[in-house]
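Q: Mind looking over this structure? Questions follow.
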There are 2 protein chains.
Amino acid sequence: MTKNLYDDARITAVGLVMEVYAGLAARFAAQFEEHGLSTVEFEVLMRLARSPEHQLRMTDLAAQTSLSTSGVTRVVDRMERDGLLCRRACPSDRRSAYAVVTESGMARLEETLPGHIQLIQDWFIGQLEPARLESLLDSLRVVRDAVHPGATAGSTGATAGASTAC
Amino acid sequence: MTKNLYDDARITAVGLVMEVYAGLAARFAAQFEEHGLSTVEFEVLMRLARSPEHQLRMTDLAAQTSLSTSGVTRVVDRMERDGLLCRRACPSDRRSAYAVVTESGMARLEETLPGHIQLIQDWFIGQLEPARLESLLDSLRVVRDAVHPGATAGSTGATAGASTAC
DNA sequence: GACCAATGACTGACTGAGCAACTATAGACG
DNA sequence: CGTCTATAGTTGCTCAGTCAGTCATTGGTC
């Protein structure tokens with residue numbers, strides 16, 4: 001144990017992932033804030049905007065974000081108060097509620113998105129040559145598929161599939 | 001705008017990074033919890049254990065973690081209460097305080113670490129062939145260096161360097 | 001068609017984190 | 001030497017998020 005066990009190469013390897021994540025997340029958060037959004041709020045808007053009719057049931061929204069169902073209740077509360085979202089009753093199941101993006105919410109998202117994509121371009125995509133980038137993404141996909149089972153949505157965004165019944 | 005702007009390939013690329021991060025972090029957190037540690041507590045123990053004499057000034061600890069100084073105060077409070085750490089006055093600067101890992105803290109860390117490394121091996125390192133892994137790490141380093149300026153500690157863990165004066 | 005477990009959303013109590021204000025000490029400058 | 005600014009750490013307040021518990025509704029089973 002001459003050379004610290006605590007400096008194991010494997011640990012520094014994950015450290016790298018953490019630093020990349022933290023670095024990107026911090027820059028993104030700063031830009032979101034310029035548009036009056038938090039990171040979760042942006043994520044919620046994105047998930048809803050990608051969904052048919054810009055709406056999703058609370059539970060499905062929770063499943064697609066990093067939040068618990070009660071967490072979603074609270075974010076949607078705030079965003080509804082700010083006029084970005086509104087709730088809509090589900091006609092076929094009176095227990096369920098949809099979160100729907102308002103006009104104002106879509107506008108906010110569309111105003112935020114270009115800058116966001118630019119940040120991704122500048123700090124991530126643009127840092128690597130196309131071939132290296134592809135290789136990186138391939139490898140990340142392998143790890144993601146291992147570590148995040150059931151999220152293998154593929155490129156068609158088929159995550160919804162099951163529960164969009166209502 | 002037939003094919004949603006919201007499904008831009010660049011966005012899914014960062015999504016990949018986020019998912020990998022989240023997936024790994026969740027598994028790690030579960031294992032930490034088996035040993036009665038939170039993620040930040042583990043990180044604090046690691047940072048201190050890597051430092052000379054297993055100690056660091058509060059401010060330096062804050063700089064090396066994802067926490068603010070007040071955040072560090074509170075984590076150290078908790079960990080001191082749990083007997084993992086203790087505070088020690090700095091002889092040459094009476095404003096400063098060291099956080100020092102106790103015997104019990106080192107024991108806890110050493111009991112947690114093997115399982116942690118095993119998780120890294122199973123879910124990250126072991127998912128890729130050596131050459132692909134090296135390529136992945138190289139690419140991540142490029143992005144990290146761009147996005148996380150000043151953290152280019154190199155492989156020698158020289159982050160401390162400046163402020164270990166006292 | 002009456003009961004009963006499962007499901008969807010919401011709420012109260014609690015935890016953990018940050019910011020801003022505060023205290024004490026250090027170091028610089030006249 | 002006395003003052004003035006910068007630095008180290010702690011604390012009060014607030015906010016976001018979880019967990020566990022609650023209520024309403026649903027769908028199955030007899």
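Labeling convention for the structure tokens: chains A, B, ... as they appear, residues from 1 per chain, ligands from 1 in order of appearance.
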At a cut-off of 9 Å, which residues of chain D touch chain A? Count only C-alpha atoms (C1' of nucleotides) and give the answer as a list of chain:residue names.

A: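 My answer is D:DA16, D:DG17, D:DT18, D:DA24, D:DT25, D:DT26.
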
Q: Convert the current residue selection to file output with C-alpha atoms (C1' of nucleotides), as a PDB file, in the first residue's frame.

A:
ATOM      1  C1'  DA D  16     -36.065  22.077  -3.203  1.00  0.00           C
ATOM      2  C1'  DG D  17     -36.546  17.366  -2.685  1.00  0.00           C
ATOM      3  C1'  DT D  18     -37.641  12.835  -0.349  1.00  0.00           C
ATOM      4  C1'  DA D  24     -59.873   8.964  -4.410  1.00  0.00           C
ATOM      5  C1'  DT D  25     -60.430   5.931  -8.101  1.00  0.00           C
ATOM      6  C1'  DT D  26     -59.855   1.731 -10.627  1.00  0.00           C
TER       7       DT D  26
END

Q: All Cα atoms, paired in order, least squares: that's the fit I need for chain A onto chain B, output as an mmCIF file with C-alpha atoms, in the first residue's frame.

A:
data_model
loop_
_atom_site.group_PDB
_atom_site.id
_atom_site.type_symbol
_atom_site.label_atom_id
_atom_site.label_comp_id
_atom_site.auth_asym_id
_atom_site.auth_seq_id
_atom_site.Cartn_x
_atom_site.Cartn_y
_atom_site.Cartn_z
ATOM 1 C CA MET A 1 -39.064 21.652 -37.884
ATOM 2 C CA THR A 2 -40.675 18.408 -38.938
ATOM 3 C CA LYS A 3 -38.362 16.275 -36.851
ATOM 4 C CA ASN A 4 -38.636 17.915 -33.433
ATOM 5 C CA LEU A 5 -35.994 20.421 -32.551
ATOM 6 C CA TYR A 6 -36.182 18.831 -29.125
ATOM 7 C CA ASP A 7 -34.614 15.615 -30.352
ATOM 8 C CA ASP A 8 -31.451 17.253 -31.629
ATOM 9 C CA ALA A 9 -28.603 14.741 -31.668
ATOM 10 C CA ARG A 10 -26.487 17.023 -29.532
ATOM 11 C CA ILE A 11 -29.091 16.965 -26.805
ATOM 12 C CA THR A 12 -29.276 13.207 -26.793
ATOM 13 C CA ALA A 13 -25.493 13.156 -26.618
ATOM 14 C CA VAL A 14 -25.431 15.057 -23.343
ATOM 15 C CA GLY A 15 -28.403 13.025 -22.240
ATOM 16 C CA LEU A 16 -26.120 10.032 -22.529
ATOM 17 C CA VAL A 17 -23.565 11.609 -20.239
ATOM 18 C CA MET A 18 -26.285 12.440 -17.749
ATOM 19 C CA GLU A 19 -27.686 8.918 -17.808
ATOM 20 C CA VAL A 20 -24.301 7.341 -17.312
ATOM 21 C CA TYR A 21 -23.597 9.668 -14.442
ATOM 22 C CA ALA A 22 -26.989 9.132 -12.839
ATOM 23 C CA GLY A 23 -26.818 5.381 -13.256
ATOM 24 C CA LEU A 24 -23.400 5.082 -11.695
ATOM 25 C CA ALA A 25 -24.178 7.572 -8.936
ATOM 26 C CA ALA A 26 -27.315 5.669 -7.973
ATOM 27 C CA ARG A 27 -25.488 2.363 -7.675
ATOM 28 C CA PHE A 28 -22.686 3.920 -5.722
ATOM 29 C CA ALA A 29 -25.101 5.638 -3.364
ATOM 30 C CA ALA A 30 -26.833 2.344 -2.627
ATOM 31 C CA GLN A 31 -23.557 0.714 -1.680
ATOM 32 C CA PHE A 32 -22.444 3.685 0.414
ATOM 33 C CA GLU A 33 -25.666 3.456 2.318
ATOM 34 C CA GLU A 34 -24.953 -0.158 3.201
ATOM 35 C CA HIS A 35 -22.018 1.226 5.129
ATOM 36 C CA GLY A 36 -23.951 4.109 6.645
ATOM 37 C CA LEU A 37 -22.445 6.767 4.408
ATOM 38 C CA SER A 38 -23.970 9.266 2.041
ATOM 39 C CA THR A 39 -22.312 10.124 -1.238
ATOM 40 C CA VAL A 40 -20.888 13.402 0.054
ATOM 41 C CA GLU A 41 -19.663 11.750 3.214
ATOM 42 C CA PHE A 42 -17.794 9.187 1.178
ATOM 43 C CA GLU A 43 -16.368 11.930 -0.986
ATOM 44 C CA VAL A 44 -15.248 13.865 2.082
ATOM 45 C CA LEU A 45 -13.574 10.792 3.552
ATOM 46 C CA MET A 46 -11.813 10.100 0.266
ATOM 47 C CA ARG A 47 -10.527 13.631 -0.116
ATOM 48 C CA LEU A 48 -9.246 13.705 3.416
ATOM 49 C CA ALA A 49 -7.737 10.232 3.221
ATOM 50 C CA ARG A 50 -5.752 11.257 0.147
ATOM 51 C CA SER A 51 -4.409 14.334 1.889
ATOM 52 C CA PRO A 52 -1.280 14.497 4.007
ATOM 53 C CA GLU A 53 -2.043 13.453 7.582
ATOM 54 C CA HIS A 54 -5.612 12.751 6.559
ATOM 55 C CA GLN A 55 -6.588 16.333 7.102
ATOM 56 C CA LEU A 56 -7.595 19.412 5.177
ATOM 57 C CA ARG A 57 -8.678 22.902 6.061
ATOM 58 C CA MET A 58 -12.411 23.471 5.781
ATOM 59 C CA THR A 59 -12.025 25.832 2.847
ATOM 60 C CA ASP A 60 -9.753 23.483 0.931
ATOM 61 C CA LEU A 61 -12.161 20.664 1.549
ATOM 62 C CA ALA A 62 -14.960 22.789 0.146
ATOM 63 C CA ALA A 63 -12.863 23.563 -2.917
ATOM 64 C CA GLN A 64 -12.265 19.871 -3.554
ATOM 65 C CA THR A 65 -15.870 18.834 -3.169
ATOM 66 C CA SER A 66 -19.084 19.958 -4.724
ATOM 67 C CA LEU A 67 -19.997 21.844 -1.569
ATOM 68 C CA SER A 68 -20.008 25.444 -0.440
ATOM 69 C CA THR A 69 -18.054 26.319 2.687
ATOM 70 C CA SER A 70 -21.201 26.354 4.743
ATOM 71 C CA GLY A 71 -22.133 23.018 3.263
ATOM 72 C CA VAL A 72 -18.805 21.675 4.457
ATOM 73 C CA THR A 73 -19.370 23.085 7.919
ATOM 74 C CA ARG A 74 -22.579 21.089 8.128
ATOM 75 C CA VAL A 75 -21.278 17.827 6.721
ATOM 76 C CA VAL A 76 -18.314 17.980 9.047
ATOM 77 C CA ASP A 77 -20.705 18.693 11.931
ATOM 78 C CA ARG A 78 -22.603 15.515 11.201
ATOM 79 C CA MET A 79 -19.559 13.397 10.575
ATOM 80 C CA GLU A 80 -17.928 14.690 13.727
ATOM 81 C CA ARG A 81 -21.062 13.790 15.645
ATOM 82 C CA ASP A 82 -20.847 10.296 14.140
ATOM 83 C CA GLY A 83 -17.212 10.005 15.117
ATOM 84 C CA LEU A 84 -15.841 9.786 11.582
ATOM 85 C CA LEU A 85 -14.041 13.113 11.694
ATOM 86 C CA CYS A 86 -12.840 15.638 14.193
ATOM 87 C CA ARG A 87 -11.853 19.270 14.025
ATOM 88 C CA ARG A 88 -8.382 20.442 14.887
ATOM 89 C CA ALA A 89 -7.268 24.026 15.326
ATOM 90 C CA CYS A 90 -4.606 25.335 13.001
ATOM 91 C CA PRO A 91 -1.627 26.471 15.048
ATOM 92 C CA SER A 92 -0.410 29.129 12.627
ATOM 93 C CA ASP A 93 -3.737 30.673 11.658
ATOM 94 C CA ARG A 94 -6.350 30.819 14.312
ATOM 95 C CA ARG A 95 -9.127 31.446 11.830
ATOM 96 C CA SER A 96 -8.567 28.107 10.160
ATOM 97 C CA ALA A 97 -9.742 24.683 11.270
ATOM 98 C CA TYR A 98 -8.709 21.317 10.014
ATOM 99 C CA ALA A 99 -11.063 18.448 9.451
ATOM 100 C CA VAL A 100 -9.212 15.269 10.384
ATOM 101 C CA VAL A 101 -10.316 11.708 9.756
ATOM 102 C CA THR A 102 -10.499 9.634 12.925
ATOM 103 C CA GLU A 103 -9.486 5.999 13.272
ATOM 104 C CA SER A 104 -13.127 5.128 13.043
ATOM 105 C CA GLY A 105 -13.474 7.189 9.888
ATOM 106 C CA MET A 106 -10.556 5.454 8.223
ATOM 107 C CA ALA A 107 -11.974 2.102 9.213
ATOM 108 C CA ARG A 108 -15.324 2.997 7.731
ATOM 109 C CA LEU A 109 -13.696 4.100 4.518
ATOM 110 C CA GLU A 110 -11.569 0.996 4.235
ATOM 111 C CA GLU A 111 -14.587 -1.150 4.794
ATOM 112 C CA THR A 112 -16.501 0.670 2.062
ATOM 113 C CA LEU A 113 -13.825 1.038 -0.562
ATOM 114 C CA PRO A 114 -13.398 -2.522 -1.878
ATOM 115 C CA GLY A 115 -17.092 -2.821 -2.686
ATOM 116 C CA HIS A 116 -17.008 0.552 -4.323
ATOM 117 C CA ILE A 117 -14.099 -0.353 -6.544
ATOM 118 C CA GLN A 118 -15.831 -3.587 -7.408
ATOM 119 C CA LEU A 119 -18.899 -1.638 -8.539
ATOM 120 C CA ILE A 120 -16.736 0.575 -10.712
ATOM 121 C CA GLN A 121 -15.142 -2.497 -12.187
ATOM 122 C CA ASP A 122 -18.430 -4.243 -12.858
ATOM 123 C CA TRP A 123 -20.480 -1.386 -14.223
ATOM 124 C CA PHE A 124 -17.922 0.842 -15.862
ATOM 125 C CA ILE A 125 -14.395 -0.412 -16.430
ATOM 126 C CA GLY A 126 -15.407 -3.974 -17.167
ATOM 127 C CA GLN A 127 -17.998 -2.951 -19.727
ATOM 128 C CA LEU A 128 -15.370 -1.934 -22.251
ATOM 129 C CA GLU A 129 -12.349 -3.500 -23.795
ATOM 130 C CA PRO A 130 -9.074 -1.994 -22.580
ATOM 131 C CA ALA A 131 -8.403 -0.067 -25.779
ATOM 132 C CA ARG A 132 -11.917 1.336 -25.931
ATOM 133 C CA LEU A 133 -11.704 2.276 -22.276
ATOM 134 C CA GLU A 134 -8.468 4.159 -22.816
ATOM 135 C CA SER A 135 -9.973 5.985 -25.727
ATOM 136 C CA LEU A 136 -13.029 6.865 -23.666
ATOM 137 C CA LEU A 137 -10.935 8.194 -20.820
ATOM 138 C CA ASP A 138 -8.802 10.233 -23.191
ATOM 139 C CA SER A 139 -11.863 11.852 -24.659
ATOM 140 C CA LEU A 140 -13.361 12.502 -21.255
ATOM 141 C CA ARG A 141 -10.135 14.151 -20.192
ATOM 142 C CA VAL A 142 -10.330 16.504 -23.133
ATOM 143 C CA VAL A 143 -13.848 17.523 -22.221
ATOM 144 C CA ARG A 144 -13.024 17.727 -18.537
ATOM 145 C CA ASP A 145 -10.072 19.999 -19.178
ATOM 146 C CA ALA A 146 -12.277 22.284 -21.215
ATOM 147 C CA VAL A 147 -15.217 22.364 -18.883
ATOM 148 C CA HIS A 148 -13.521 22.226 -15.521
ATOM 149 C CA PRO A 149 -10.639 24.683 -15.703
ATOM 150 C CA GLY A 150 -8.093 24.606 -12.907
ATOM 151 C CA ALA A 151 -8.864 21.002 -12.059
ATOM 152 C CA THR A 152 -6.125 19.725 -14.280
ATOM 153 C CA ALA A 153 -4.499 18.131 -11.282
ATOM 154 C CA GLY A 154 -2.711 15.664 -13.490
ATOM 155 C CA SER A 155 -2.117 12.161 -12.228
ATOM 156 C CA THR A 156 -0.003 13.292 -9.317
ATOM 157 C CA GLY A 157 -2.889 14.782 -7.401
ATOM 158 C CA ALA A 158 -1.201 18.162 -7.269
ATOM 159 C CA THR A 159 -4.443 20.029 -6.623
ATOM 160 C CA ALA A 160 -3.383 20.943 -3.124
ATOM 161 C CA GLY A 161 -0.066 22.563 -3.942
ATOM 162 C CA ALA A 162 -0.890 26.130 -3.113
ATOM 163 C CA SER A 163 -2.722 26.209 0.154
ATOM 164 C CA THR A 164 -1.187 23.421 2.195
ATOM 165 C CA ALA A 165 1.071 26.028 3.705
ATOM 166 C CA CYS A 166 -0.059 25.953 7.321
#

Q: Using 10 Å as the limit and counting only C-alpha atoms (C1' of nucleotides), can you tabulate each residue of chain C that touches chain A, with its shortest atom-to-atom distance in Å and the two atoms involved, as CSV?

A:
residue,atom,partner,partner_atom,distance
C:DT7,C1',A:Arg95,CA,8.4
C:DG8,C1',A:Arg95,CA,5.3
C:DA9,C1',A:Arg95,CA,6.9
C:DC10,C1',A:Thr73,CA,7.4
C:DT11,C1',A:Ser70,CA,9.1

Q: If we count only C-alpha atoms (C1' of nucleotides) and set the cut-off at 10 Å, which residues sit around DA28 of chain C, ignoring sequence neighbours fewer than 2 positions away in its own chain? Please answer as a list of chain:residue names.

A: C:DA26, C:DG30, D:DC4, D:DT5, D:DA6

Q: Looking only at the backbone, which of the residues in segment 19-136 of chain B does DSSP tag as helix (DSSP H, G or I), as a PyMOL selection string?

A: chain B and resi 19-34+39-50+52-54+58-64+69-81+103-123+125-127+130-136

Q: Dump C-alpha atoms for the selected residues as a PDB file, in the first residue's frame?

A:
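Saved result, part-v2.pdb, follows:
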ATOM      1  CA  GLU B  19     -27.645   8.964 -17.852  1.00  0.00           C
ATOM      2  CA  VAL B  20     -24.279   7.377 -17.357  1.00  0.00           C
ATOM      3  CA  TYR B  21     -23.553   9.713 -14.508  1.00  0.00           C
ATOM      4  CA  ALA B  22     -26.938   9.213 -12.901  1.00  0.00           C
ATOM      5  CA  GLY B  23     -26.792   5.453 -13.278  1.00  0.00           C
ATOM      6  CA  LEU B  24     -23.365   5.153 -11.731  1.00  0.00           C
ATOM      7  CA  ALA B  25     -24.130   7.651  -8.983  1.00  0.00           C
ATOM      8  CA  ALA B  26     -27.266   5.780  -7.999  1.00  0.00           C
ATOM      9  CA  ARG B  27     -25.455   2.469  -7.706  1.00  0.00           C
ATOM     10  CA  PHE B  28     -22.659   4.010  -5.744  1.00  0.00           C
ATOM     11  CA  ALA B  29     -25.069   5.744  -3.392  1.00  0.00           C
ATOM     12  CA  ALA B  30     -26.817   2.464  -2.662  1.00  0.00           C
ATOM     13  CA  GLN B  31     -23.563   0.815  -1.715  1.00  0.00           C
ATOM     14  CA  PHE B  32     -22.423   3.774   0.389  1.00  0.00           C
ATOM     15  CA  GLU B  33     -25.656   3.573   2.268  1.00  0.00           C
ATOM     16  CA  GLU B  34     -24.975  -0.056   3.140  1.00  0.00           C
ATOM     17  CA  THR B  39     -22.228  10.210  -1.260  1.00  0.00           C
ATOM     18  CA  VAL B  40     -20.796  13.462   0.046  1.00  0.00           C
ATOM     19  CA  GLU B  41     -19.598  11.807   3.208  1.00  0.00           C
ATOM     20  CA  PHE B  42     -17.733   9.241   1.170  1.00  0.00           C
ATOM     21  CA  GLU B  43     -16.266  11.974  -0.972  1.00  0.00           C
ATOM     22  CA  VAL B  44     -15.159  13.899   2.095  1.00  0.00           C
ATOM     23  CA  LEU B  45     -13.523  10.809   3.575  1.00  0.00           C
ATOM     24  CA  MET B  46     -11.736  10.123   0.302  1.00  0.00           C
ATOM     25  CA  ARG B  47     -10.431  13.644  -0.062  1.00  0.00           C
ATOM     26  CA  LEU B  48      -9.166  13.705   3.479  1.00  0.00           C
ATOM     27  CA  ALA B  49      -7.679  10.226   3.276  1.00  0.00           C
ATOM     28  CA  ARG B  50      -5.670  11.247   0.221  1.00  0.00           C
ATOM     29  CA  PRO B  52      -1.208  14.464   4.139  1.00  0.00           C
ATOM     30  CA  GLU B  53      -2.010  13.421   7.701  1.00  0.00           C
ATOM     31  CA  HIS B  54      -5.567  12.731   6.651  1.00  0.00           C
ATOM     32  CA  MET B  58     -12.327  23.478   5.877  1.00  0.00           C
ATOM     33  CA  THR B  59     -11.887  25.864   2.970  1.00  0.00           C
ATOM     34  CA  ASP B  60      -9.619  23.522   1.057  1.00  0.00           C
ATOM     35  CA  LEU B  61     -12.048  20.703   1.630  1.00  0.00           C
ATOM     36  CA  ALA B  62     -14.816  22.854   0.213  1.00  0.00           C
ATOM     37  CA  ALA B  63     -12.691  23.630  -2.821  1.00  0.00           C
ATOM     38  CA  GLN B  64     -12.086  19.944  -3.470  1.00  0.00           C
ATOM     39  CA  THR B  69     -17.958  26.358   2.786  1.00  0.00           C
ATOM     40  CA  SER B  70     -21.142  26.371   4.780  1.00  0.00           C
ATOM     41  CA  GLY B  71     -22.021  23.046   3.260  1.00  0.00           C
ATOM     42  CA  VAL B  72     -18.703  21.716   4.498  1.00  0.00           C
ATOM     43  CA  THR B  73     -19.330  23.096   7.964  1.00  0.00           C
ATOM     44  CA  ARG B  74     -22.536  21.097   8.133  1.00  0.00           C
ATOM     45  CA  VAL B  75     -21.214  17.849   6.702  1.00  0.00           C
ATOM     46  CA  VAL B  76     -18.285  18.012   9.073  1.00  0.00           C
ATOM     47  CA  ASP B  77     -20.718  18.706  11.929  1.00  0.00           C
ATOM     48  CA  ARG B  78     -22.618  15.535  11.130  1.00  0.00           C
ATOM     49  CA  MET B  79     -19.558  13.415  10.566  1.00  0.00           C
ATOM     50  CA  GLU B  80     -17.961  14.701  13.734  1.00  0.00           C
ATOM     51  CA  ARG B  81     -21.111  13.795  15.616  1.00  0.00           C
ATOM     52  CA  GLU B 103      -9.540   5.959  13.294  1.00  0.00           C
ATOM     53  CA  SER B 104     -13.172   5.103  13.050  1.00  0.00           C
ATOM     54  CA  GLY B 105     -13.486   7.193   9.895  1.00  0.00           C
ATOM     55  CA  MET B 106     -10.562   5.442   8.250  1.00  0.00           C
ATOM     56  CA  ALA B 107     -11.999   2.092   9.219  1.00  0.00           C
ATOM     57  CA  ARG B 108     -15.343   3.012   7.707  1.00  0.00           C
ATOM     58  CA  LEU B 109     -13.698   4.120   4.506  1.00  0.00           C
ATOM     59  CA  GLU B 110     -11.585   0.996   4.217  1.00  0.00           C
ATOM     60  CA  GLU B 111     -14.620  -1.141   4.765  1.00  0.00           C
ATOM     61  CA  THR B 112     -16.519   0.712   2.034  1.00  0.00           C
ATOM     62  CA  LEU B 113     -13.814   1.070  -0.576  1.00  0.00           C
ATOM     63  CA  PRO B 114     -13.416  -2.481  -1.898  1.00  0.00           C
ATOM     64  CA  GLY B 115     -17.086  -2.778  -2.707  1.00  0.00           C
ATOM     65  CA  HIS B 116     -16.997   0.614  -4.337  1.00  0.00           C
ATOM     66  CA  ILE B 117     -14.104  -0.318  -6.563  1.00  0.00           C
ATOM     67  CA  GLN B 118     -15.852  -3.532  -7.422  1.00  0.00           C
ATOM     68  CA  LEU B 119     -18.896  -1.577  -8.559  1.00  0.00           C
ATOM     69  CA  ILE B 120     -16.721   0.632 -10.736  1.00  0.00           C
ATOM     70  CA  GLN B 121     -15.147  -2.458 -12.205  1.00  0.00           C
ATOM     71  CA  ASP B 122     -18.445  -4.198 -12.866  1.00  0.00           C
ATOM     72  CA  TRP B 123     -20.472  -1.341 -14.239  1.00  0.00           C
ATOM     73  CA  ILE B 125     -14.403  -0.402 -16.461  1.00  0.00           C
ATOM     74  CA  GLY B 126     -15.434  -3.969 -17.158  1.00  0.00           C
ATOM     75  CA  GLN B 127     -18.019  -2.964 -19.742  1.00  0.00           C
ATOM     76  CA  PRO B 130      -9.092  -2.030 -22.621  1.00  0.00           C
ATOM     77  CA  ALA B 131      -8.425  -0.126 -25.808  1.00  0.00           C
ATOM     78  CA  ARG B 132     -11.930   1.300 -25.975  1.00  0.00           C
ATOM     79  CA  LEU B 133     -11.714   2.247 -22.324  1.00  0.00           C
ATOM     80  CA  GLU B 134      -8.473   4.117 -22.881  1.00  0.00           C
ATOM     81  CA  SER B 135      -9.991   5.929 -25.804  1.00  0.00           C
ATOM     82  CA  LEU B 136     -13.040   6.827 -23.745  1.00  0.00           C
TER      83      LEU B 136
END

Q: Suppose you want the space between atom C1' of DA17 of chain C and atom C1' of DC15 of chain D; what is it in Å?

A: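 Atom-to-atom, atom C1' of DA17 of chain C to atom C1' of DC15 of chain D, that is 9.1 Å.
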
Q: Let's see if you can do this: from backbone DSSP, list all strand (DSSP E) residues in chain A, as a PyMOL selection string.

A: chain A and resi 55-57+85-89+97-101

Q: Go ahead and write the selection's residues with C-alpha atoms as a compact mmCIF listing (two decimals), in the first residue's frame.

A:
# COMPACT_ATOMS: atom_id res chain seq x y z
CA GLN A 55 -48.38 16.60 -22.15
CA LEU A 56 -47.62 13.71 -19.86
CA ARG A 57 -49.24 12.17 -16.84
CA LEU A 85 -47.48 24.54 -17.34
CA CYS A 86 -51.02 23.70 -16.46
CA ARG A 87 -52.78 20.62 -15.17
CA ARG A 88 -55.47 18.88 -17.14
CA ALA A 89 -57.75 16.14 -15.89
CA ALA A 97 -53.66 14.33 -14.15
CA TYR A 98 -51.77 15.59 -17.12
CA ALA A 99 -49.13 18.25 -16.98
CA VAL A 100 -49.43 20.30 -20.16
CA VAL A 101 -47.01 22.92 -21.43

Q: Calculate how many Å separate atom C1' of DT22 of chain D from atom C1' of DT15 of chain C, rounding to one decimal.

A: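 Separation between atom C1' of DT22 of chain D and atom C1' of DT15 of chain C: 21.6 Å.
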
Q: Interatomic distance between atom C1' of DA8 of chain D and atom C1' of DC22 of chain C?

A: 12.4 Å
